[in-house]
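Novice: Dropping in work28.txt, which is compact mmCIF, C-alpha atoms and all ligand atoms:
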# COMPACT_ATOMS: atom_id res chain seq x y z
CA MET X 1362 70.61 116.46 104.65
CA ILE X 1363 72.49 114.21 102.22
CA GLU X 1364 71.62 110.64 103.28
CA ALA X 1365 75.19 109.34 103.00
CA ASN X 1366 76.37 112.07 105.42
CA ASN X 1367 74.17 110.87 108.29
CA PRO X 1368 76.57 110.83 111.27
CA ASN X 1369 74.64 108.00 112.92
CA LEU X 1370 75.34 105.50 110.14
CA LYS X 1371 77.39 102.44 111.07
CA THR X 1372 79.09 100.04 108.69
CA TRP X 1373 79.96 96.34 108.76
CA ILE X 1374 83.45 97.23 107.49
CA GLU X 1375 86.03 97.68 110.24
CA VAL X 1376 86.94 101.38 110.63
CA ASP X 1377 89.32 102.81 113.25
CA ASP X 1378 88.03 105.77 115.29
CA ASP X 1379 90.71 108.09 113.90
CA SER X 1380 90.30 106.93 110.28
CA ASP X 1381 89.98 109.56 107.56
CA PHE X 1382 87.54 107.26 105.79
CA PRO X 1383 84.41 106.55 107.82
CA VAL X 1384 81.33 105.36 105.91
CA GLN X 1385 80.22 109.02 105.76
CA ASN X 1386 83.18 109.95 103.53
CA ILE X 1387 82.86 107.73 100.43
CA PRO X 1388 85.58 109.40 98.35
CA PHE X 1389 86.51 108.34 94.83
CA GLY X 1390 89.85 107.20 93.43
CA ILE X 1391 91.48 104.89 90.89
CA PHE X 1392 93.41 101.78 91.88
CA LYS X 1393 94.99 98.72 90.34
CA THR X 1394 96.41 95.47 91.65
CA LYS X 1395 98.79 92.91 90.17
CA LYS X 1396 95.76 91.22 88.59
CA LEU X 1397 93.27 94.05 88.09
CA THR X 1398 93.43 96.85 85.53
CA PRO X 1399 93.05 100.47 86.74
CA ARG X 1400 89.46 101.19 87.81
CA PRO X 1401 87.33 103.41 90.07
CA ALA X 1402 86.97 102.68 93.76
CA THR X 1403 85.85 104.08 97.04
CA ARG X 1404 87.45 103.54 100.43
CA ILE X 1405 85.98 102.71 103.83
CA GLY X 1406 88.52 102.43 106.65
CA ASN X 1407 91.44 100.52 105.13
CA THR X 1408 89.21 98.68 102.68
CA VAL X 1409 89.19 99.60 98.99
CA VAL X 1410 85.92 98.86 97.20
CA ASP X 1411 86.20 97.94 93.50
CA LEU X 1412 83.23 99.66 91.83
CA GLN X 1413 83.60 97.79 88.54
CA THR X 1414 83.30 94.40 90.21
CA LEU X 1415 80.56 95.71 92.47
CA ALA X 1416 78.65 96.60 89.28
CA ASP X 1417 79.48 93.20 87.72
CA PHE X 1418 77.85 91.50 90.70
CA GLY X 1419 74.71 93.54 90.07
CA TYR X 1420 74.83 95.79 93.11
CA PHE X 1421 73.95 98.86 91.02
CA ASN X 1422 71.00 97.18 89.29
CA HIS X 1423 67.74 99.10 89.69
CA THR X 1424 69.62 102.43 89.92
CA ASN X 1425 70.00 105.20 87.33
CA ILE X 1426 73.76 104.72 87.20
CA ASP X 1427 75.47 103.97 83.86
CA THR X 1428 77.97 101.50 85.30
CA SER X 1429 80.16 101.48 82.16
CA VAL X 1430 81.99 104.44 83.79
CA PHE X 1431 83.32 102.02 86.42
CA SER X 1432 85.47 100.20 83.85
CA LYS X 1433 87.42 103.33 82.90
CA GLN X 1434 90.94 104.19 84.07
CA PHE X 1435 89.97 107.75 85.09
CA LEU X 1436 86.96 109.17 86.95
CA ASN X 1437 86.14 111.74 84.23
CA GLY X 1438 83.35 109.58 82.78
CA PHE X 1439 81.77 109.05 86.17
CA ILE X 1440 82.05 112.75 87.01
CA ALA X 1441 80.40 113.60 83.67
CA LEU X 1442 77.25 111.76 84.78
CA GLY X 1443 76.49 114.77 86.99
CA LYS X 1444 75.79 115.66 90.59
CA PRO X 1445 72.51 113.69 90.97
CA ILE X 1446 74.41 110.52 89.98
CA TRP X 1447 77.39 111.27 92.29
CA ARG X 1448 74.83 111.53 95.07
CA GLU X 1449 73.03 108.38 94.02
CA VAL X 1450 76.30 106.41 93.99
CA ARG X 1451 77.33 107.72 97.42
CA ASN X 1452 73.89 106.94 98.81
CA ARG X 1453 73.83 103.44 97.29
CA LEU X 1454 77.31 102.66 98.67
CA SER X 1455 76.27 104.02 102.04
CA GLU X 1456 73.23 101.74 101.99
CA LEU X 1457 75.21 98.70 100.83
CA PHE X 1458 77.79 99.03 103.59
CA ASN X 1459 75.24 99.79 106.30
CA ILE X 1460 75.73 97.45 109.24
CA ASP X 1461 72.15 96.19 108.96
CA ASN X 1462 72.27 95.45 105.22
CA PRO X 1463 73.03 91.75 104.44
CA GLU X 1464 73.14 92.17 100.59
CA LEU X 1465 76.93 92.23 100.33
CA ARG X 1466 77.78 91.72 103.99
CA ASP X 1467 76.67 88.09 103.83
CA ASN X 1468 77.90 87.32 100.30
CA ILE X 1469 81.36 85.93 100.98
CA LYS X 1470 82.15 85.17 97.34
CA ALA X 1471 81.29 88.70 96.19
CA LYS X 1472 83.22 90.28 99.06
CA GLN X 1473 86.36 88.33 98.11
CA SER X 1474 86.26 89.86 94.62
CA ILE X 1475 85.13 93.37 95.54
CA LEU X 1476 87.07 94.28 98.69
CA HIS X 1477 90.83 94.84 98.90
CA ARG X 1478 93.14 95.87 101.72
CA ILE X 1479 94.61 99.32 101.04
CA ASN X 1480 98.16 97.98 101.39
CA LYS X 1481 97.53 95.46 98.58
CA VAL X 1482 96.59 98.03 95.93
CA GLU X 1483 98.35 100.78 94.03
CA MET X 1484 96.60 104.13 93.81
CA LEU X 1485 96.76 106.01 90.50
CA MET X 1486 95.81 109.45 89.17
CA PRO X 1487 92.06 109.71 89.83
CA VAL X 1488 91.29 112.03 86.92
CA LYS X 1489 92.75 112.90 83.56
CA ILE X 1490 93.43 116.54 84.37
CA GLY X 1491 92.64 118.93 81.55
CA ASP X 1492 93.61 122.43 82.54
CA TYR X 1493 95.28 123.49 85.75
CA THR X 1494 94.96 126.88 87.41
CA ASP X 1495 96.80 127.90 90.56
CA PHE X 1496 95.23 130.65 92.62
CA TYR X 1497 96.92 132.81 95.24
CA SER X 1498 94.04 133.06 97.67
CA SER X 1499 95.63 133.18 101.12
CA TYR X 1500 96.12 136.75 102.32
CA GLU X 1501 98.80 135.74 104.81
CA HIS X 1502 100.79 133.90 102.14
CA ALA X 1503 100.51 136.78 99.67
CA LYS X 1504 101.61 139.21 102.35
CA ASN X 1505 104.54 137.07 103.56
CA VAL X 1506 105.90 136.37 100.09
CA GLY X 1507 105.33 139.97 99.02
CA MET X 1508 107.36 141.18 102.01
CA MET X 1509 110.23 138.88 101.10
CA PHE X 1510 110.26 139.36 97.31
CA ARG X 1511 109.42 143.07 97.34
CA LYS X 1512 109.22 145.77 100.03
CA PRO X 1513 106.90 145.53 103.06
CA ASP X 1514 104.91 148.61 101.91
CA ASN X 1515 104.42 146.98 98.48
CA ALA X 1516 103.77 143.45 99.81
CA VAL X 1517 100.16 142.94 98.77
CA LEU X 1518 99.56 144.47 95.36
CA PRO X 1519 96.57 146.79 94.73
CA ASN X 1520 94.53 144.21 92.77
CA TRP X 1521 94.78 141.47 95.41
CA ARG X 1522 91.71 142.33 97.51
CA HIS X 1523 89.57 142.89 94.41
CA LEU X 1524 90.11 139.66 92.51
CA PRO X 1525 91.37 136.12 93.14
CA VAL X 1526 94.82 136.30 91.51
CA ALA X 1527 95.89 133.16 89.63
CA TYR X 1528 98.10 131.83 86.84
CA HIS X 1529 97.58 129.02 84.36
CA GLY X 1530 99.86 126.12 85.23
CA ARG X 1531 100.84 122.93 83.49
CA SER X 1532 98.90 119.70 84.04
CA SER X 1533 101.43 117.23 82.54
CA SER X 1534 103.53 117.33 85.70
CA ILE X 1535 100.69 116.88 88.19
CA VAL X 1536 101.31 113.43 89.65
CA ILE X 1537 99.95 111.08 92.26
CA SER X 1538 101.16 110.78 95.86
CA GLY X 1539 104.17 108.50 96.09
CA THR X 1540 105.81 109.84 92.93
CA ASN X 1541 109.39 110.93 93.57
CA ILE X 1542 110.45 114.31 92.19
CA TYR X 1543 113.94 115.20 90.97
CA ARG X 1544 115.50 118.43 92.20
CA PRO X 1545 115.15 120.83 89.26
CA LYS X 1546 117.89 122.86 87.62
CA GLY X 1547 117.51 126.25 86.02
CA GLN X 1548 118.61 129.85 85.78
CA ILE X 1549 119.36 131.39 89.12
CA LYS X 1550 120.55 134.92 89.71
CA VAL X 1551 122.36 135.56 92.94
CA GLU X 1552 121.51 139.03 94.26
CA GLU X 1553 125.10 140.36 94.22
CA ASN X 1554 125.73 139.19 90.63
CA VAL X 1555 124.80 140.99 87.44
CA PHE X 1556 124.14 137.82 85.37
CA PRO X 1557 122.38 134.56 86.19
CA GLU X 1558 124.07 131.18 86.44
CA PHE X 1559 122.75 127.69 85.65
CA GLY X 1560 122.47 125.05 88.35
CA GLU X 1561 120.39 123.03 90.79
CA THR X 1562 117.86 124.93 92.86
CA LYS X 1563 119.16 125.72 96.31
CA SER X 1564 115.73 126.65 97.60
CA LEU X 1565 113.40 123.74 96.88
CA ASP X 1566 110.09 124.32 98.60
CA PHE X 1567 106.59 122.88 98.94
CA GLU X 1568 103.30 124.77 98.91
CA LEU X 1569 100.52 123.47 101.15
CA GLU X 1570 97.39 123.75 99.02
CA MET X 1571 93.98 122.23 98.47
CA ALA X 1572 92.62 121.82 94.96
CA PHE X 1573 89.16 121.26 93.53
CA ILE X 1574 88.28 119.13 90.53
CA THR X 1575 85.60 120.57 88.26
CA GLY X 1576 82.55 118.40 87.65
CA LYS X 1577 80.54 120.21 84.99
CA LYS X 1578 81.61 121.82 81.76
CA THR X 1579 80.76 125.24 80.36
CA GLU X 1580 80.78 126.52 76.79
CA LEU X 1581 83.06 129.26 75.55
CA GLY X 1582 81.41 132.59 76.40
CA GLU X 1583 79.39 131.12 79.27
CA VAL X 1584 79.78 132.65 82.74
CA ILE X 1585 79.31 130.69 85.97
CA ASN X 1586 77.02 132.57 88.33
CA ILE X 1587 78.62 132.60 91.75
CA GLN X 1588 75.42 131.36 93.42
CA LYS X 1589 75.60 128.21 91.25
CA ALA X 1590 79.38 127.76 91.33
CA GLU X 1591 79.28 124.85 93.79
CA ASP X 1592 77.40 122.76 91.23
CA TYR X 1593 80.53 122.84 89.06
CA ILE X 1594 82.80 121.34 91.73
CA PHE X 1595 83.09 117.56 92.13
CA GLY X 1596 85.47 117.38 95.06
CA LEU X 1597 88.81 118.21 96.61
CA VAL X 1598 92.31 116.77 96.97
CA ILE X 1599 95.43 117.84 98.86
CA PHE X 1600 97.86 119.57 96.51
CA ASN X 1601 101.61 119.83 97.12
CA ASP X 1602 102.80 122.48 94.67
CA LEU X 1603 106.58 122.05 94.62
CA SER X 1604 108.45 125.27 93.96
CA ALA X 1605 112.05 126.30 93.29
CA ARG X 1606 112.20 129.74 94.89
CA ASP X 1607 115.48 130.90 93.34
CA ILE X 1608 114.34 129.97 89.83
CA GLN X 1609 110.93 131.55 90.50
CA LYS X 1610 112.39 134.79 91.82
CA TRP X 1611 114.45 135.44 88.66
CA GLU X 1612 111.87 134.35 86.07
CA TYR X 1613 108.50 135.51 87.42
CA VAL X 1614 108.50 139.10 86.13
CA PRO X 1615 106.28 140.06 84.34
CA LEU X 1616 104.28 136.96 83.29
CA GLY X 1617 104.35 134.94 86.50
CA PRO X 1618 105.62 131.49 87.52
CA PHE X 1619 107.04 129.09 84.92
CA LEU X 1620 109.92 126.62 85.42
CA GLY X 1621 110.11 127.32 89.14
CA LYS X 1622 106.73 125.60 89.44
CA ASN X 1623 106.09 123.10 86.65
CA PHE X 1624 108.60 120.36 87.52
CA GLY X 1625 106.10 118.56 89.75
CA SER X 1626 102.94 119.04 91.79
CA VAL X 1627 101.51 116.14 93.74
CA ILE X 1628 97.92 115.25 94.67
CA SER X 1629 96.32 112.91 97.19
CA PRO X 1630 94.67 109.85 95.61
CA TRP X 1631 91.12 110.14 97.01
CA ILE X 1632 88.80 112.89 95.81
CA VAL X 1633 86.57 113.84 98.73
CA THR X 1634 83.27 115.14 97.37
CA LEU X 1635 81.96 118.58 98.17
CA ASP X 1636 78.86 116.75 99.43
CA ALA X 1637 80.89 114.88 102.08
CA LEU X 1638 82.45 118.18 103.21
CA GLU X 1639 79.07 119.92 103.57
CA PRO X 1640 79.02 119.63 107.42
CA TYR X 1641 82.35 121.47 107.67
CA LYS X 1642 81.38 124.68 105.91
CA THR X 1643 82.42 127.75 107.83
CA GLU X 1644 82.71 131.50 107.54
CA GLY X 1645 85.65 133.01 105.67
CA PRO X 1646 87.65 136.13 106.52
CA ALA X 1647 85.83 139.47 106.15
CA GLN X 1648 86.42 140.91 102.68
CA ASN X 1649 87.28 144.60 102.67
CA PRO X 1650 87.06 146.72 100.62
CA LYS X 1651 83.75 145.69 99.17
CA ILE X 1652 84.09 143.40 96.16
CA LEU X 1653 82.30 143.66 92.82
CA PRO X 1654 78.81 142.10 92.61
CA TYR X 1655 79.84 139.10 90.47
CA LEU X 1656 82.09 137.96 93.36
CA GLN X 1657 79.58 138.51 96.15
CA ILE X 1658 78.10 135.42 97.78
CA ASP X 1659 76.12 134.87 100.97
CA GLY X 1660 76.46 132.14 103.57
CA ASN X 1661 79.42 130.05 104.67
CA ASN X 1662 81.68 129.25 101.75
CA ASN X 1663 84.92 128.28 103.44
CA TYR X 1664 85.74 124.84 104.81
CA ASP X 1665 87.15 123.98 108.22
CA ILE X 1666 89.79 121.48 107.09
CA ASN X 1667 92.90 120.96 109.21
CA LEU X 1668 96.11 120.85 107.19
CA GLU X 1669 99.42 119.43 108.36
CA VAL X 1670 102.89 119.22 106.87
CA TYR X 1671 105.63 116.83 107.99
CA LEU X 1672 109.23 116.61 106.83
CA GLN X 1673 111.03 113.29 107.02
CA PRO X 1674 114.79 113.04 106.44
CA GLU X 1675 115.95 109.70 105.02
CA ASP X 1676 115.89 106.89 107.62
CA GLU X 1677 114.64 109.29 110.30
CA LYS X 1678 111.28 110.00 111.92
CA GLU X 1679 109.10 112.72 110.49
CA SER X 1680 108.74 116.12 112.18
CA GLN X 1681 105.56 118.18 111.94
CA ILE X 1682 106.53 121.60 110.63
CA SER X 1683 103.17 123.22 109.86
CA ALA X 1684 99.56 123.20 111.06
CA SER X 1685 97.21 125.31 108.97
CA ASN X 1686 93.55 125.28 107.96
CA MET X 1687 91.69 125.76 104.69
CA LYS X 1688 89.31 128.21 106.41
CA TYR X 1689 92.01 130.89 106.30
CA LEU X 1690 91.57 131.35 102.54
CA TYR X 1691 90.48 134.91 101.76
CA TRP X 1692 88.93 133.93 98.41
CA ASN X 1693 86.60 130.92 98.49
CA MET X 1694 86.11 128.34 95.74
CA PRO X 1695 82.85 129.80 94.30
CA GLN X 1696 84.62 133.15 93.98
CA GLN X 1697 87.57 131.51 92.25
CA LEU X 1698 85.32 129.76 89.74
CA ALA X 1699 83.06 132.77 89.15
CA HIS X 1700 86.11 134.91 88.51
CA HIS X 1701 87.75 132.26 86.31
CA THR X 1702 84.77 132.22 83.93
CA VAL X 1703 83.61 135.85 84.12
CA ASN X 1704 85.34 136.60 80.80
CA GLY X 1705 83.74 133.56 79.11
CA CYS X 1706 86.68 131.19 79.64
CA ASN X 1707 85.25 127.67 79.37
CA ILE X 1708 85.97 124.88 81.84
CA ASN X 1709 85.91 121.14 81.26
CA ILE X 1710 85.25 118.16 83.49
CA GLY X 1711 88.46 117.23 85.29
CA ASP X 1712 90.09 120.64 85.39
CA LEU X 1713 92.06 121.28 88.54
CA CYS X 1714 92.00 124.57 90.43
CA ALA X 1715 94.46 124.88 93.30
CA SER X 1716 94.00 127.32 96.15
CA GLY X 1717 97.51 128.67 96.39
CA THR X 1718 99.57 128.16 99.52
CA ILE X 1719 97.33 128.20 102.59
CA SER X 1720 99.10 130.10 105.35
CA GLY X 1721 97.41 131.01 108.61
CA PRO X 1722 98.00 134.07 110.78
CA THR X 1723 100.67 132.54 113.07
CA PRO X 1724 104.21 131.40 112.10
CA GLU X 1725 103.41 127.72 112.89
CA SER X 1726 100.60 127.85 110.34
CA TYR X 1727 102.64 129.02 107.36
CA GLY X 1728 102.26 126.75 104.35
CA SER X 1729 105.73 126.86 102.75
CA MET X 1730 109.36 126.52 103.83
CA LEU X 1731 109.99 130.01 102.42
CA GLU X 1732 107.70 131.41 105.10
CA LEU X 1733 108.34 128.86 107.90
CA ALA X 1734 112.11 129.52 107.78
CA TRP X 1735 111.49 133.12 106.67
CA LYS X 1736 113.70 133.10 103.55
CA GLY X 1737 116.34 131.07 105.36
CA THR X 1738 116.77 133.48 108.26
CA LYS X 1739 114.98 131.21 110.80
CA PRO X 1740 116.04 127.63 110.06
CA ILE X 1741 113.58 124.93 111.13
CA GLN X 1742 114.74 122.44 113.74
CA LEU X 1743 113.74 118.83 113.07
CA THR X 1744 113.40 116.14 115.74
CA ASP X 1745 116.53 114.32 114.49
CA GLY X 1746 118.56 117.42 115.40
CA SER X 1747 119.11 118.62 111.83
CA VAL X 1748 117.94 121.99 110.54
CA ARG X 1749 116.36 123.05 107.25
CA LYS X 1750 116.03 126.32 105.37
CA PHE X 1751 114.51 124.50 102.41
CA VAL X 1752 113.97 120.85 101.42
CA ASN X 1753 117.09 118.66 101.11
CA ASP X 1754 117.67 115.77 98.71
CA ASN X 1755 116.12 112.52 99.98
CA ASP X 1756 113.76 114.39 102.31
CA THR X 1757 110.14 113.25 102.15
CA ILE X 1758 107.33 115.80 102.40
CA ILE X 1759 104.08 114.51 103.87
CA MET X 1760 100.85 116.54 103.82
CA LYS X 1761 97.66 115.52 105.59
CA ALA X 1762 94.18 117.04 105.63
CA TYR X 1763 91.06 116.26 107.63
CA ALA X 1764 87.86 117.90 108.77
CA LYS X 1765 86.51 116.98 112.16
CA ASN X 1766 83.46 117.88 114.22
CA LYS X 1767 82.08 116.30 117.41
CA LYS X 1768 80.66 113.36 115.49
CA ILE X 1769 82.66 112.55 112.39
CA ARG X 1770 86.14 112.96 110.93
CA ILE X 1771 86.32 113.22 107.13
CA GLY X 1772 89.87 113.09 105.83
CA PHE X 1773 91.90 113.03 102.67
CA GLY X 1774 94.67 110.63 103.66
CA GLU X 1775 98.04 112.02 102.69
CA VAL X 1776 100.34 113.22 99.94
CA VAL X 1777 103.84 111.75 100.16
CA THR X 1778 106.64 113.16 98.02
CA LYS X 1779 110.32 112.26 98.16
CA ILE X 1780 112.87 114.63 96.67
CA LEU X 1781 115.60 112.90 94.68
CA PRO X 1782 118.99 114.44 93.77
CA ALA X 1783 119.00 116.30 90.45
CA LYS X 1784 119.25 114.06 87.37
MN MN J 1801 101.10 127.20 94.17
Could the structure of this file be written out as structure tokens, please?
Specialist:
Amino acid sequence: MIEANNPNLKTWIEVDDDSDFPVQNIPFGIFKTKKLTPRPATRIGNTVVDLQTLADFGYFNHTNIDTSVFSKQFLNGFIALGKPIWREVRNRLSELFNIDNPELRDNIKAKQSILHRINKVEMLMPVKIGDYTDFYSSYEHAKNVGMMFRKPDNAVLPNWRHLPVAYHGRSSSIVISGTNIYRPKGQIKVEENVFPEFGETKSLDFELEMAFITGKKTELGEVINIQKAEDYIFGLVIFNDLSARDIQKWEYVPLGPFLGKNFGSVISPWIVTLDALEPYKTEGPAQNPKILPYLQIDGNNNYDINLEVYLQPEDEKESQISASNMKYLYWNMPQQLAHHTVNGCNINIGDLCASGTISGPTPESYGSMLELAWKGTKPIQLTDGSVRKFVNDNDTIIMKAYAKNKKIRIGFGEVVTKILPAK
């Protein structure tokens, strides 16, 4: 077992029982304050731990860790140190914050410099994202959208059960939780009309996704063996892939999504490592028909991570509108990465691969407004009495994710995105 994952560990930092960030999590992010420049951190409970200052005080002395990575404004340098170092850092932090360890616990001066309350810091993009790929790995989502955009008998296309379908997206518009997004404009063709018109999207949607950040690079021509694929994944974030369905519907043939997707996608600030999620591995759906050997992998490769979506109209309370789970994904992350590189496509540290909308089998577990309100035919009732077919201006979308077993809850915090009127 990974030492830092030991469910019996206790910390001297105050942590609420329902916190996403027990001492067993130790995620990584980038923060700044009014006085401090952007730098790497971890979080325990509501306490942010400044890794640069922790290193300055000598708490990583006598380790193998090159602490210069803790003075950078992105985690890419830290991630590049490799999996043994990620583990060593998590284990060292786990040891340092152990309830029985006086090293930092009893050093009041050091604690004043190193520890910050979460509400006193600003979280920033944790990685400089290189390339971004969006998969389409939920069978239920593919089926639902296929039924709406095409005919029910043509819903899931013939290739879907043989390969993890994806498109290459744009990384410039991937932003951190808390960033407001303007309602996009574009070409929209109303069904009855022959020609398209130009205007604001009338069907602004979210996509409930999880995304992994790559942690190891490959050379052009190199193929990642599926049995080793996990070694290339640093960790996961929540991913809100905003979508304009009317723009998407008109433009997507034959090359796939473009302007209906690239006006904003939003990630959660803390990258939860694959190591921390190890206890929540679970079986995925049965894959039939049989897949090609390069995609075959034994064992449990899905993750039991609860996913929730809330919609909050301006000055009103939020309403929960979806409850899904990452375990519903038909294609798992090793399969996505093995497929991505099977042609020799190289990956770099800090690439982001999103899962695609994660819809479950029941209507409450659908991961987009398009499906929840079934193309506008079943409007969603919110607790303030209003209804939605899609997302309105000034609505805030909140996504949460957490894994939980009998002992420990490991969470991601949330992704908060407010939609502003078109510019
Ligand atoms: Mn997507």
Novice: Of the residues X:Lys1765, X:Lys1472, X:Lys1739, X:Arg1404, which is the one nearest to X:Leu1638, using only C-alpha atoms?
Specialist: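 Nearest to X:Leu1638: X:Lys1765.
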Novice: Taking (75.8, 129.5, 89.3) in the file's coordinates, which residues come within 12 Å, counting all atoms listed in the file, written as a ChimeraX atom specification?
Specialist: /X:1577,1579,1583-1594,1655-1658,1695-1696,1698-1700,1702-1703
Novice: Please identify the residues whose atoms come within 6 Å of ligand MN 1801 (chain J), using all atoms listed in the file, and report them as a list in words.
Specialist: Asp1495, Glu1568, Asp1602, Gly1717 and Thr1718 of chain X
Novice: Might you pull out every residue within 12 Å of X:Pro1519, with all atoms listed in the file counted and same-chain residues fewer than 6 positions away left off, and present them as JSON, numbers by chain?
Specialist: {"X": [1503, 1504, 1507, 1525, 1526, 1650]}
Novice: Residues as selected, C-alpha atoms, written as an mmCIF file, in the frame of the given file, can you do that?
Specialist:
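Ended up saving to out.cif:
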data_model
loop_
_atom_site.group_PDB
_atom_site.id
_atom_site.type_symbol
_atom_site.label_atom_id
_atom_site.label_comp_id
_atom_site.auth_asym_id
_atom_site.auth_seq_id
_atom_site.Cartn_x
_atom_site.Cartn_y
_atom_site.Cartn_z
ATOM 1 C CA ALA X 1503 100.510 136.780 99.670
ATOM 2 C CA LYS X 1504 101.610 139.210 102.350
ATOM 3 C CA GLY X 1507 105.330 139.970 99.020
ATOM 4 C CA PRO X 1525 91.370 136.120 93.140
ATOM 5 C CA VAL X 1526 94.820 136.300 91.510
ATOM 6 C CA PRO X 1650 87.060 146.720 100.620
#
Novice: Please write out, as AutoDock Vina command-line options, where the centre of an axis-aligned box around all listed atoms of stretch 1554-1563 of chain X lies and how long its edges are, in Å to one decimal, after adding 5 Å on each side.
Specialist:
--center_x 121.8 --center_y 132.0 --center_z 90.8 --size_x 17.9 --size_y 28.0 --size_z 20.9
